[in-house]
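Following: one structure in C-alpha coordinates, then a few remarks.
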Amino acid sequence: MMDHESLRHLADSWGLLLLVLAFATIVALTFRKGARAHHEDARMIPFREDDGPGPERGAR
(Lines give C-alpha, C1' and ligand atoms only; values in the text may rest on other atoms or scores of the structure.)
Protein backbone atom coordinates (compact mmCIF):
# COMPACT_ATOMS: atom_id res chain seq x y z
CA MET A 1 0.00 0.00 0.00
CA MET A 2 1.24 3.47 -0.84
CA ASP A 3 1.74 5.96 1.92
CA HIS A 4 0.76 9.62 1.82
CA GLU A 5 4.20 10.84 0.72
CA SER A 6 4.33 8.45 -2.24
CA LEU A 7 0.87 9.47 -3.39
CA ARG A 8 1.77 13.13 -3.10
CA HIS A 9 4.93 12.64 -5.16
CA LEU A 10 2.91 10.76 -7.80
CA ALA A 11 0.30 13.53 -7.96
CA ASP A 12 2.95 16.26 -8.09
CA SER A 13 4.75 14.74 -11.05
CA TRP A 14 2.33 12.68 -13.13
CA GLY A 15 -0.74 14.69 -12.14
CA LEU A 16 0.87 17.87 -13.44
CA LEU A 17 1.82 16.13 -16.66
CA LEU A 18 -1.74 14.83 -17.09
CA LEU A 19 -3.24 18.30 -16.56
CA VAL A 20 -0.81 19.92 -19.01
CA LEU A 21 -1.61 17.29 -21.65
CA ALA A 22 -5.36 17.74 -21.08
CA PHE A 23 -5.01 21.52 -21.45
CA ALA A 24 -2.94 21.18 -24.63
CA THR A 25 -5.51 18.77 -26.08
CA ILE A 26 -8.40 21.12 -25.35
CA VAL A 27 -6.55 24.05 -26.93
CA ALA A 28 -5.62 21.97 -29.98
CA LEU A 29 -9.22 20.82 -30.46
CA THR A 30 -10.50 24.37 -30.13
CA PHE A 31 -8.17 25.80 -32.78
CA ARG A 32 -8.11 22.88 -35.22
CA LYS A 33 -8.73 23.60 -38.87
CA GLY A 34 -12.29 22.21 -39.18
CA ALA A 35 -13.66 23.65 -35.92
CA ARG A 36 -14.97 26.93 -37.32
CA ALA A 37 -18.30 25.49 -38.47
CA HIS A 38 -18.90 23.88 -35.09
CA HIS A 39 -18.11 27.11 -33.25
CA GLU A 40 -20.36 29.13 -35.54
CA ASP A 41 -23.20 26.66 -34.92
CA ALA A 42 -22.67 26.80 -31.15
CA ARG A 43 -22.51 30.61 -31.25
CA MET A 44 -25.98 30.81 -32.80
CA ILE A 45 -27.74 28.50 -30.30
CA PRO A 46 -29.32 31.34 -28.24
CA PHE A 47 -30.83 32.86 -31.38
CA ARG A 48 -32.52 29.74 -32.71
CA GLU A 49 -36.28 29.69 -32.80
CA ASP A 50 -37.80 27.52 -30.11
CA ASP A 51 -41.26 26.65 -28.80
CA GLY A 52 -40.53 27.61 -25.20
CA PRO A 53 -42.24 30.42 -23.32
CA GLY A 54 -40.96 33.89 -23.94
CA PRO A 55 -41.96 37.48 -23.20
CA GLU A 56 -44.45 37.48 -26.07
CA ARG A 57 -46.12 34.32 -24.72
CA GLY A 58 -46.86 35.60 -21.22
CA ALA A 59 -43.79 34.34 -19.32
CA ARG A 60 -42.94 36.37 -16.23
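Residues are referred to by chain and number: the chain letter is A, B, ... according to the order shown in the C-alpha coordinates, the number counts from 1 in that chain, and ligands are numbered separately from 1 in the order shown.
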Picked from chain A by DSSP as alpha helix (DSSP H), as JSON, numbers by chain: {"A": [4, 5, 6, 7, 8, 9, 10, 16, 17, 18, 19, 20, 21, 22, 23, 24, 25, 26, 27, 28, 29, 30, 36, 37, 38, 39, 40, 41, 42, 43]}
Go ahead and save the residues from that selection, with N, CA, C and O atoms, as a CSV table (one decimal), in the first residue's frame.
chain,number,residue,atom,x,y,z
A,4,HIS,N,1.2,8.3,2.2
A,4,HIS,CA,0.8,9.6,1.8
A,4,HIS,C,1.9,10.3,1.0
A,4,HIS,O,1.6,11.0,0.0
A,5,GLU,N,3.1,10.2,1.4
A,5,GLU,CA,4.2,10.8,0.7
A,5,GLU,C,4.4,10.3,-0.7
A,5,GLU,O,4.6,11.1,-1.6
A,6,SER,N,4.2,9.0,-0.9
A,6,SER,CA,4.3,8.5,-2.2
A,6,SER,C,3.2,8.9,-3.1
A,6,SER,O,3.4,9.2,-4.3
A,7,LEU,N,2.0,9.0,-2.6
A,7,LEU,CA,0.9,9.5,-3.4
A,7,LEU,C,1.0,10.9,-3.7
A,7,LEU,O,0.7,11.4,-4.8
A,8,ARG,N,1.6,11.7,-2.8
A,8,ARG,CA,1.8,13.1,-3.1
A,8,ARG,C,2.8,13.3,-4.2
A,8,ARG,O,2.7,14.1,-5.1
A,9,HIS,N,3.9,12.6,-4.1
A,9,HIS,CA,4.9,12.6,-5.2
A,9,HIS,C,4.4,12.2,-6.5
A,9,HIS,O,4.6,12.9,-7.5
A,10,LEU,N,3.5,11.2,-6.6
A,10,LEU,CA,2.9,10.8,-7.8
A,10,LEU,C,2.0,11.9,-8.4
A,10,LEU,O,2.0,12.2,-9.6
A,16,LEU,N,0.6,16.6,-12.7
A,16,LEU,CA,0.9,17.9,-13.4
A,16,LEU,C,1.0,17.6,-14.9
A,16,LEU,O,0.5,18.3,-15.8
A,17,LEU,N,1.7,16.5,-15.3
A,17,LEU,CA,1.8,16.1,-16.7
A,17,LEU,C,0.5,15.8,-17.3
A,17,LEU,O,0.2,16.3,-18.4
A,18,LEU,N,-0.4,15.1,-16.6
A,18,LEU,CA,-1.7,14.8,-17.1
A,18,LEU,C,-2.6,16.1,-17.3
A,18,LEU,O,-3.2,16.2,-18.4
A,19,LEU,N,-2.5,17.0,-16.4
A,19,LEU,CA,-3.2,18.3,-16.6
A,19,LEU,C,-2.7,19.1,-17.7
A,19,LEU,O,-3.5,19.8,-18.4
A,20,VAL,N,-1.4,19.2,-17.9
A,20,VAL,CA,-0.8,19.9,-19.0
A,20,VAL,C,-1.2,19.3,-20.3
A,20,VAL,O,-1.6,20.0,-21.3
A,21,LEU,N,-1.2,18.0,-20.4
A,21,LEU,CA,-1.6,17.3,-21.6
A,21,LEU,C,-3.1,17.5,-21.9
A,21,LEU,O,-3.5,17.7,-23.1
A,22,ALA,N,-3.9,17.5,-20.9
A,22,ALA,CA,-5.4,17.7,-21.1
A,22,ALA,C,-5.6,19.2,-21.6
A,22,ALA,O,-6.4,19.4,-22.5
A,23,PHE,N,-4.9,20.1,-21.0
A,23,PHE,CA,-5.0,21.5,-21.5
A,23,PHE,C,-4.6,21.7,-22.9
A,23,PHE,O,-5.2,22.3,-23.7
A,24,ALA,N,-3.4,21.1,-23.3
A,24,ALA,CA,-2.9,21.2,-24.6
A,24,ALA,C,-3.9,20.5,-25.6
A,24,ALA,O,-4.1,21.1,-26.7
A,25,THR,N,-4.5,19.4,-25.2
A,25,THR,CA,-5.5,18.8,-26.1
A,25,THR,C,-6.7,19.6,-26.3
A,25,THR,O,-7.2,19.8,-27.4
A,26,ILE,N,-7.2,20.2,-25.2
A,26,ILE,CA,-8.4,21.1,-25.4
A,26,ILE,C,-8.1,22.3,-26.3
A,26,ILE,O,-8.9,22.7,-27.1
A,27,VAL,N,-6.9,22.9,-26.1
A,27,VAL,CA,-6.5,24.0,-26.9
A,27,VAL,C,-6.4,23.6,-28.4
A,27,VAL,O,-6.9,24.3,-29.3
A,28,ALA,N,-5.8,22.5,-28.6
A,28,ALA,CA,-5.6,22.0,-30.0
A,28,ALA,C,-7.0,21.7,-30.6
A,28,ALA,O,-7.2,22.0,-31.8
A,29,LEU,N,-7.9,21.1,-29.9
A,29,LEU,CA,-9.2,20.8,-30.5
A,29,LEU,C,-10.0,22.1,-30.7
A,29,LEU,O,-10.8,22.2,-31.7
A,30,THR,N,-9.8,23.1,-29.9
A,30,THR,CA,-10.5,24.4,-30.1
A,30,THR,C,-10.0,25.1,-31.4
A,30,THR,O,-10.8,25.6,-32.1
A,36,ARG,N,-14.2,25.7,-37.1
A,36,ARG,CA,-15.0,26.9,-37.3
A,36,ARG,C,-16.5,26.7,-37.5
A,36,ARG,O,-17.3,27.4,-36.9
A,37,ALA,N,-16.9,25.7,-38.3
A,37,ALA,CA,-18.3,25.5,-38.5
A,37,ALA,C,-19.0,25.1,-37.2
A,37,ALA,O,-20.1,25.5,-36.9
A,38,HIS,N,-18.3,24.3,-36.4
A,38,HIS,CA,-18.9,23.9,-35.1
A,38,HIS,C,-19.0,25.1,-34.2
A,38,HIS,O,-20.1,25.2,-33.5
A,39,HIS,N,-18.0,25.9,-34.1
A,39,HIS,CA,-18.1,27.1,-33.3
A,39,HIS,C,-19.2,28.1,-33.7
A,39,HIS,O,-19.9,28.7,-32.9
A,40,GLU,N,-19.3,28.3,-35.0
A,40,GLU,CA,-20.4,29.1,-35.5
A,40,GLU,C,-21.7,28.6,-35.2
A,40,GLU,O,-22.6,29.3,-34.8
A,41,ASP,N,-21.9,27.3,-35.3
A,41,ASP,CA,-23.2,26.7,-34.9
A,41,ASP,C,-23.5,26.9,-33.4
A,41,ASP,O,-24.6,27.2,-33.0
A,42,ALA,N,-22.5,26.6,-32.6
A,42,ALA,CA,-22.7,26.8,-31.1
A,42,ALA,C,-22.9,28.3,-30.8
A,42,ALA,O,-23.7,28.6,-29.9
A,43,ARG,N,-22.3,29.2,-31.5
A,43,ARG,CA,-22.5,30.6,-31.3
A,43,ARG,C,-23.9,31.1,-31.5
A,43,ARG,O,-24.5,32.0,-30.8
